Structure formats: structure tokens, C-alpha cells
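Here is the structure we will look at, set down as C-alpha cells.
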Amino acid sequence: MSKKILITGANGFLGSRLVKLAIKKKFKVNVLVRKNSNLKNLHEIKSKINFFYGDLLKSESLIDPIENSDIIFHVAADYRLWSKKTSELYETNVFGTENILSIVSKKKKKLIFTSSVATLGLVNNQISNENTPVSYNDMIGHYKKSKYLAEDLVNRYVRKKKLNAIILNPSTPIGPGDIKPTPTGKIILDVVKKKMPAYVDTGLNFVHVDDVAEGHFLALKYGKPGDRYILGGENIIFKDFLDFISDYANVPKVKIKLHTTYLYLFARINEFFSKYLIHNNPSFTVDGLRMSEKKMFFSSDKAKKKLHYRPRPAKDAIKDSVNWIVKNF
């Protein structure tokens, strides 16, 4: 009998790639989505999926999907770096996760928890790993804080032997299916549409979203309960990343470099307009600037060694992302 996997956030960027891979690997797939969710990413495969409609904040709606599954991939998260109501980030990422953990623990199911490298320690000009020292006070912004608290909840359950769980920390996924798009997808879109006026001196670890999806199944097969693994790709200077996008999209390169010191006033003004006048999510924020002042470089050596994780070159991920954006925006 094929095992049943429940994937929360299954209509999202990473979640939908996990659904498609789970089907390919012959799992029976249950998905948890909200009634009003955009299901565009699942449209072509909806006949192969068993849908459960629920809400992370309504624990009673989580009982049936968890009870009817063998393995839970908890992927759903609010990944906005800015929100008019910061409480929404904590509601989804912390309280929603707590509801999942409570039921998974009672039903004795296995959990693969999708966290983020946002919860890990950073040392400027060094490559971080799973053991780089970090505390809650190191977290910049409510997104990072909420993800840190969520991961801490998982660890507490594991330490009390209430949960069989593995934690995964993806870096910055890019690739097909980024319909919202994510903050990084928005950067790629802006470069492709020639709307990226300047850049700052920073760096990130970029990974193909399908490699992150594959990493989840490798963790399921080879991962050690209670452990965590970084699922990353390549560490790239931000300017080089933008140049790769420009090359593939055949658009002019972004040439103006700005120092973050001079941008905080504009970021605050941008947030003010977004909060009180425009009512949108700004792509240019104070927390984003603060994060950019350290290069966010990570090592996936542990996952490569323990999980046999093999991410493809970042240029392939950038190319797939650009091609998908050109077709869909």
C-alpha cells in the first residue's frame, strides 16, 4: 500500500512542487488548502489529489486530514517580510504550527517541518550552517521571529519525546510556479520587466525549488528524527544574481549600486504609503534593508552527506525561473 502524505500549503510555490513530486513517487497525496485559495498551481493534477479544506488556526479542521495521513509535510507559512498587521505572521507561522504539532503528536504521525534559513545564525563574511550560534534576539523582523518561534516549538515537542519530526531549512528557492510571487520571485520579475532601478551589496544562497522538494523526500528516507538540515544551493553575490537574470532575459543589467545607509528614509516612507494609503505589500522595507547588511550564505554539506542531497547549479534555477516568469507574467 502506498503511504499517504498530507501537504499543508499545497497550492503554494514549494508546496505545489512537493505535491507533483509525491505523485511521481507514487504516494497517495492529501492536501490541506483554504476554501478561498488560489489553486492554479494544482489545476493540472487536481484529479490525482485528495483535497481537505481547512485553516491552520481552526484546529478542528486539521483533525481529519492528519488522521487520514501517514506522513505530514507542514509547508504552509506566511513568508511576507512585511505586513500591515504583524500579528498575521505569528498567527499562521506560530499558532498555526502549534495546532498542527498538537494533533500530529496525539495521532502519532511523522512530521517533516519546513522551516527556513531565516532561523539560522549569520556571521558576516562567513558561511553559516546548522550549528552557527543564534538566538531570538538575532532575528530581524517579524517574519524571522515568527519562523524562529515555530521551529523552537517543534524542537520542544521533539525534546519531550512527543513528536517524530525532522526540520528542514530551505535557503532561497527560485524556479517555476512562483505565482504570488515570493519576495525573490518579485525581484526576478522586476529585472525581467526592467523595473529594478538599483541594487545593494549583499549576497544570498539560491536553490532550485525542485531540489528543495526532492530534499524533503530524501529527509523522509534518510533523515534522523529530531535533526535539521539546510536545503540550499549556491552562495551568490546579489549583483551577480541580477546579472544572470539579465543575461537570460536579454534585458539591460542593473548598474546603479546604493548603500543601505541612504535608503532607510525611503524605506520608511514606502512602508508608510503601503500601510496607510496604497494598502499593498512593499518590496522595499526597513527589515529587508537590515537583512541585506549581512551576506546570507549557507552550507548544505550536512544534507549532502547525510541525505545524499545534490542541488543543481544556481544558473539552471535562474534560467528555469526566468523562462517561467516570461511565460506567465
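Identifiers in this document derive from the order of the C-alpha cells: chains are assigned A, B, ..., residues are numbered from 1 separately in each chain, and ligands are numbered from 1 in order of occurrence.
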field: Close residues, A:Lys20 itself excluded, 12 Å, only C-alpha atoms, min 2 positions apart in chain, as a PyMOL selection string
entry: chain A and resi 5+7+10-18+22-31+41-49+177+210+213-214
- prompt: Do you know which residues are at most 10 Å from stretch 138-155 of chain A counting only C-alpha atoms, after dropping those on the same chain fewer than 4 positions away, and could you put them as a PyMOL selection string?
  reply: chain A and resi 77-83+86-98+101+111+113-122+133-134+159-169+226-228+286-288+290-291
query: Restricting the calculation to only C-alpha atoms, which member of A:Ser102, A:Ser61, A:Tyr309, A:His208 is positioned closest to A:Lys35?
result: A:Ser61
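Of note, atom CA of A:Lys302 and atom CA of A:Ile230 are spaced 7.4 Å apart.
Distances from A:Val104, A:Ile237, A:Ala219, A:Val33 to A:Lys295 were compared using only C-alpha atoms, and the smallest one belongs to A:Ile237.
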message: Can you measure atom CA of A:Gly215 to atom CA of A:Leu32 for me? One decimal in Å is fine.
response: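 These atoms are spaced 20.7 Å apart.
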- request: Would you please give, as a PyMOL selection string, all residues of stretch 137-327 of chain A that DSSP assigns to strand (DSSP E) based on the backbone?
  value: chain A and resi 164-170+172-174+198-199+203-208+228-231+234-237+256-257
query: A:Ser69, A:Ala317, A:Leu56, A:Thr285: which is nearest A:Gly185, counting only C-alpha atoms?
result: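 Among the listed residues, the smallest separation from A:Gly185 belongs to A:Ala317.
Between A:Phe298 and the candidates A:Val123, A:Ala249, A:Val212, A:Ala198, the tightest atom-to-atom separation, counting only C-alpha atoms, involves A:Val123.
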Which residues are close to A:Arg34, i.e. within 9 Å by only C-alpha atoms, leaving aside same-chain residues fewer than 6 positions away? Reply as a PDB file with all heavy atoms, in the first residue's frame.
ATOM      1  N   GLY A   9      -0.263  23.898   2.791  1.00  0.00           N
ATOM      2  CA  GLY A   9       0.262  24.921   1.876  1.00  0.00           C
ATOM      3  C   GLY A   9       0.522  24.357   0.496  1.00  0.00           C
ATOM      4  O   GLY A   9       1.414  24.804  -0.219  1.00  0.00           O
ATOM      5  N   PHE A  52      -8.505  18.389   1.271  1.00  0.00           N
ATOM      6  CA  PHE A  52      -9.116  18.721   2.552  1.00  0.00           C
ATOM      7  C   PHE A  52      -9.111  20.237   2.662  1.00  0.00           C
ATOM      8  O   PHE A  52      -8.092  20.882   2.396  1.00  0.00           O
ATOM      9  CB  PHE A  52      -8.326  18.124   3.723  1.00  0.00           C
ATOM     10  CG  PHE A  52      -8.480  16.648   3.890  1.00  0.00           C
ATOM     11  CD1 PHE A  52      -7.597  15.772   3.288  1.00  0.00           C
ATOM     12  CD2 PHE A  52      -9.507  16.136   4.674  1.00  0.00           C
ATOM     13  CE1 PHE A  52      -7.724  14.396   3.444  1.00  0.00           C
ATOM     14  CE2 PHE A  52      -9.654  14.766   4.833  1.00  0.00           C
ATOM     15  CZ  PHE A  52      -8.766  13.893   4.225  1.00  0.00           C
ATOM     16  N   TYR A  53     -10.235  20.794   3.055  1.00  0.00           N
ATOM     17  CA  TYR A  53     -10.335  22.244   3.194  1.00  0.00           C
ATOM     18  C   TYR A  53     -10.328  22.596   4.676  1.00  0.00           C
ATOM     19  O   TYR A  53     -11.127  22.075   5.459  1.00  0.00           O
ATOM     20  CB  TYR A  53     -11.601  22.763   2.511  1.00  0.00           C
ATOM     21  CG  TYR A  53     -11.579  22.534   1.019  1.00  0.00           C
ATOM     22  CD1 TYR A  53     -12.193  21.411   0.465  1.00  0.00           C
ATOM     23  CD2 TYR A  53     -10.919  23.415   0.167  1.00  0.00           C
ATOM     24  CE1 TYR A  53     -12.152  21.184  -0.903  1.00  0.00           C
ATOM     25  CE2 TYR A  53     -10.877  23.194  -1.203  1.00  0.00           C
ATOM     26  CZ  TYR A  53     -11.488  22.080  -1.723  1.00  0.00           C
ATOM     27  OH  TYR A  53     -11.441  21.849  -3.076  1.00  0.00           O
ATOM     28  N   GLY A  54      -9.399  23.468   5.037  1.00  0.00           N
ATOM     29  CA  GLY A  54      -9.282  23.822   6.443  1.00  0.00           C
ATOM     30  C   GLY A  54      -8.468  25.072   6.642  1.00  0.00           C
ATOM     31  O   GLY A  54      -8.086  25.753   5.688  1.00  0.00           O
ATOM     32  N   ASP A  55      -8.191  25.349   7.899  1.00  0.00           N
ATOM     33  CA  ASP A  55      -7.466  26.561   8.281  1.00  0.00           C
ATOM     34  C   ASP A  55      -6.546  26.212   9.434  1.00  0.00           C
ATOM     35  O   ASP A  55      -6.983  25.574  10.410  1.00  0.00           O
ATOM     36  CB  ASP A  55      -8.470  27.645   8.702  1.00  0.00           C
ATOM     37  CG  ASP A  55      -7.827  29.010   8.896  1.00  0.00           C
ATOM     38  OD1 ASP A  55      -6.735  29.069   9.474  1.00  0.00           O
ATOM     39  OD2 ASP A  55      -8.433  30.008   8.472  1.00  0.00           O
ATOM     40  N   LEU A  56      -5.297  26.609   9.343  1.00  0.00           N
ATOM     41  CA  LEU A  56      -4.328  26.301  10.403  1.00  0.00           C
ATOM     42  C   LEU A  56      -4.771  26.828  11.762  1.00  0.00           C
ATOM     43  O   LEU A  56      -4.383  26.293  12.804  1.00  0.00           O
ATOM     44  CB  LEU A  56      -2.953  26.885  10.062  1.00  0.00           C
ATOM     45  CG  LEU A  56      -2.214  26.298   8.866  1.00  0.00           C
ATOM     46  CD1 LEU A  56      -0.885  27.011   8.669  1.00  0.00           C
ATOM     47  CD2 LEU A  56      -1.989  24.805   9.025  1.00  0.00           C
TER      48      LEU A  56
END
Report as a compact mmCIF listing (two decimals) with C-alpha atoms, in the first residue's frame all protein, DNA and RNA residues lying within 9 Å of stretch 192-196 of chain A, evaluated on only C-alpha atoms, omitting residues in the same chain fewer than 2 positions from it.
# COMPACT_ATOMS: atom_id res chain seq x y z
CA ILE A 187 12.99 40.66 -7.79
CA ILE A 188 13.34 38.35 -10.80
CA LEU A 189 10.08 39.70 -12.23
CA ASP A 190 11.23 43.31 -11.74
CA ALA A 198 19.33 49.71 -8.34
CA TYR A 199 20.85 47.13 -6.02
CA ILE A 245 18.79 37.18 -14.75
CA SER A 246 19.53 39.99 -17.22
CA ALA A 249 16.06 37.51 -20.08
CA ASN A 250 18.11 39.58 -22.55
CA VAL A 251 17.39 42.83 -20.72
CA PRO A 252 19.76 45.64 -19.61
CA LYS A 253 21.77 44.97 -16.46
CA VAL A 254 21.06 46.83 -13.23
CA VAL A 322 13.16 33.45 -15.89
CA ILE A 325 8.11 34.26 -15.47
CA VAL A 326 8.37 35.29 -19.13
